[in-house]
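Written below as structure tokens is the structure these notes are about.
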Amino acid sequence: MKQLIKLSVSLILSLAMLSSCSEQKAKYVFLFIGDGMGFSHVAVTEAYLATEKGEIGSEPLNFSKFPVLGIATTYSASNYITCSSAAGTALSTGYKTNNGMLGVLPDSTNLQSITYRLHDAGYKIGIMTTVTIDHATPGAFYANSVARSDYYGIANQLSKTGFEFFGGGGFYDPLGENDGEKSAYTTTEEAGYTITYGLDDFNAKKAANTKFLMLQERGKEDNILPYAFERGENDLTLSQVVNAAIEVLDNEKGFFMMAEGGKIDWAAHSNDLPNTIFETIDMADAIEVAYQFYLKHPKQTLIIVTADHETGGISVGRGKGYSLYLNHVDSIKAQKSDVSIATYMNDKTALDSLSIVSKIGWTTTSHTGGGVPVYAIGAHSDLFAGRMDNTEIPHKICDAMGVKF
């Protein structure tokens, strides 16, 4: 009898080990970063979507239905309330740094982003954003700088990566401050990248190269994508950029992609309720592109959605009482023909008035120190459940992809 029990236990353990070993590593990994997107940003967006349906409640965004939920702390090496560059560094390298520094330790020692580890392991790499590609969060995934404000220095590191795809916003400072310095666009093209302008241009050129920088159409503001609220018919969207990146990156070995919804943060800094909501929805639209890819490769795909920090201290409720009036957000849509969002961005009174009547509160025009959500689905998504620090996320990504950190 004892021998039979031992045999049964041994068989169970063997089957468990076999099951564990048979779980495939994550071959295709999407990391979405909603810049400034805290739990309350998601909550107010879902409340708005319910209001749109004439309901009291919470209409879930696609990513908030993912089966795995975690929370990440975000403090930097120098401050409890992090800046974007320190948070981006943590998410990209697994190390804390001081506010204002990018891809380096507090003593200025260069750090290595996981993108380089993954690229060396044979994975293709894509980095994209709705703001400039040399901004803090995307920059943290390819550059090193003691000052996040050195946009020209950061921009000129892009061409040296060899990564296959960059897209969304262009360079904030492509020319630098000194006469005779090459444009970062020139440096990028000389390194073998094809720069495309708009979706049609990308589609026309995508078969001719393997490395791309995908930007807005010429003649438009090509250093950022427009707010979803202001988008014109031919304006590039984050969803289109993510889809284009999949076309470039998809291969037998696999890929890693970081996509940032950068203007959630910009809107929240201005306590701009409509754009905070619309930009969160816009990122969800981009995540849907990844989710459709996941449905085709469910055992090999991992999608993670998180934030670098929370911005604005938004509260779903304001003053006394228990009511929300998010239907007022739609009044901004109705005024689009004669009121630009730029006007609202520069008029704090108008913005605050909309939040007051909607019963939405704000505590700051800067960042806060609260934890941020981590949503995940797919291969090894269980790694992202529960409490973690933001520095743990790149370690978990490497574990999921079978790459030594």
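Ligands are numbered from 1 in the order shown, residues from 1 within each chain, and chains are lettered A, B, ... in the order they appear in the structure tokens.
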Go through range 53-215 of chain A and collect every residue that DSSP, computed from the backbone, puts in strand (DSSP E or B); the answer should be as a ChimeraX atom specification. /A:68-73,102,104,110,124-129,145,165-168,194-197,212-215
Proximity check range 32-145 of chain A to range 201-211 of chain A, 12 Å, nearest pairs one decimal Å, only C-alpha atoms, as a tab-separated table:
```
residue	atom	partner	partner_atom	distance
A:Lys124	CA	A:Lys211	CA	10.2
A:Ile125	CA	A:Lys211	CA	10.0
A:Gly126	CA	A:Lys211	CA	9.7
A:Ile127	CA	A:Lys211	CA	11.8
```
Store the residues picked out above, limited to C-alpha atoms, as a PDB file, in the first residue's frame.
```
ATOM      1  CA  LYS A 124      12.426  41.945 -32.937  1.00  0.00           C
ATOM      2  CA  ILE A 125      11.710  45.211 -31.094  1.00  0.00           C
ATOM      3  CA  GLY A 126       9.114  47.941 -31.557  1.00  0.00           C
ATOM      4  CA  ILE A 127       8.740  51.200 -29.604  1.00  0.00           C
TER       5      ILE A 127
END
```
Which residue, A:Thr188, A:Ser381, A:Thr137, A:Gln157, has the smallest gap to Asp35 in chain A when you use only C-alpha atoms?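 Closest candidate: A:Thr137.
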Please provide as an NGL selection string all residues within 10 Å of range 139-155 of chain A, with the sequence filter that same-chain residues fewer than 4 positions apart are discarded (counting only C-alpha atoms). :A and (84-93 or 97-116 or 126-128 or 132-135 or 159-161 or 163 or 170-177 or 181 or 183-185 or 187-188 or 258)
Residues just named, written with C-alpha atoms as a compact mmCIF listing (two decimals), in the first residue's frame:
```txt
# COMPACT_ATOMS: atom_id res chain seq x y z
CA SER A 84 8.20 59.92 -16.07
CA SER A 85 11.87 59.38 -16.85
CA ALA A 86 12.61 57.67 -13.52
CA ALA A 87 9.48 55.54 -13.85
CA GLY A 88 10.28 54.70 -17.46
CA THR A 89 13.77 53.67 -16.40
CA ALA A 90 12.33 51.34 -13.76
CA LEU A 91 9.93 49.73 -16.23
CA SER A 92 12.62 49.36 -18.88
CA THR A 93 15.72 48.39 -16.91
CA THR A 97 16.97 56.20 -10.62
CA ASN A 98 16.55 59.84 -9.63
CA ASN A 99 13.82 62.04 -11.01
CA GLY A 100 15.04 63.74 -14.17
CA MET A 101 17.44 60.94 -15.16
CA LEU A 102 16.86 58.45 -17.97
CA GLY A 103 18.34 54.97 -18.36
CA VAL A 104 21.12 55.61 -15.84
CA LEU A 105 21.69 54.95 -12.16
CA PRO A 106 21.78 57.89 -9.72
CA ASP A 107 25.59 57.87 -10.06
CA SER A 108 25.19 58.27 -13.88
CA THR A 109 26.21 54.70 -14.71
CA ASN A 110 24.44 53.57 -17.88
CA LEU A 111 21.77 50.90 -17.55
CA GLN A 112 20.62 48.43 -20.20
CA SER A 113 16.98 48.26 -21.21
CA ILE A 114 15.45 44.81 -21.58
CA THR A 115 14.89 45.71 -25.23
CA TYR A 116 18.61 45.14 -25.85
CA GLY A 126 9.11 47.94 -31.56
CA ILE A 127 8.74 51.20 -29.60
CA MET A 128 5.90 53.64 -30.23
CA THR A 132 7.53 62.38 -29.22
CA ILE A 133 9.67 59.26 -29.61
CA ASP A 134 12.48 60.96 -27.63
CA HIS A 135 10.16 61.65 -24.69
CA SER A 159 19.51 55.10 -34.89
CA LYS A 160 22.18 53.11 -33.05
CA THR A 161 19.80 50.53 -31.60
CA PHE A 163 15.61 47.93 -33.44
CA GLY A 170 8.77 62.17 -34.14
CA PHE A 171 11.66 64.03 -32.51
CA TYR A 172 11.06 66.98 -30.21
CA ASP A 173 14.47 68.50 -30.93
CA PRO A 174 15.90 66.95 -34.12
CA LEU A 175 18.46 69.72 -34.79
CA GLY A 176 20.09 70.33 -31.43
CA GLU A 177 21.50 73.65 -30.26
CA GLU A 181 24.83 69.20 -36.06
CA SER A 183 19.31 66.32 -37.92
CA ALA A 184 18.23 63.24 -35.98
CA TYR A 185 16.05 62.40 -38.97
CA THR A 187 21.04 60.21 -38.74
CA THR A 188 18.12 57.80 -38.59
CA MET A 258 6.18 48.87 -26.06
```
Considering only C-alpha atoms, state which residue in the set A:Gly369, A:Asn79, A:Thr306, A:Ile377 is at the smallest distance from Tyr294 in chain A.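 For Tyr294 in chain A, the nearest of the candidates is A:Ile377.
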Can you pull out the residues contacting Arg117 in chain A? Cut-off 10 Å, using only C-alpha atoms, and skip same-chain residues under 5 positions away; I want them as a PyMOL selection string. chain A and resi 112+122-123+398+403-405
Who sits within 12 Å of Ala50 in chain A, only C-alpha atoms, same chain under 3 positions skipped, as number ranges by chain: A: 43-47, 53-61, 324-327
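Closest approach to Gln300 in chain A among A:Ile332, A:Leu273, A:Cys83, A:Met401 is made by A:Met401 (distances from only C-alpha atoms).
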Considering only C-alpha atoms, state which residue in the set A:Tyr80, A:Tyr227, A:Tyr48, A:Trp362 is at the smallest distance from Trp266 in chain A. A:Tyr227
DSSP on the backbone: what in range 150-366 of chain A comes out alpha helix (DSSP H), as a VMD selection string? chain A and resid 151 to 158 184 to 190 199 to 205 238 to 249 263 to 269 273 to 296 329 to 334 341 to 346 348 to 358
Pick out the closest residue to Ile287 in chain A from this set: A:Gly319, A:Gly261, A:Gly168, A:Gly36. Count only C-alpha atoms. A:Gly261
From the list A:Glu260, A:Asp352, A:Asp200, A:Asp308, the nearest residue to Asn234 in chain A using only C-alpha atoms is A:Asp200
List the neighbours of Gly38 in chain A out to 12 Å using only C-alpha atoms; skip same-chain residues closer than 6 positions along the sequence, and give me the result as a ChimeraX atom specification. /A:44-45,71-74,264-265,268,276,280,305-316,367-375
Just to confirm, what's the straight-line distance from CA of Lys27 in chain A to CA of Val241 in chain A in Å (one decimal)? 20.2 Å
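The two atoms in question, CA of Val42 in chain A and CA of Val29 in chain A, are spaced 22.4 Å apart.
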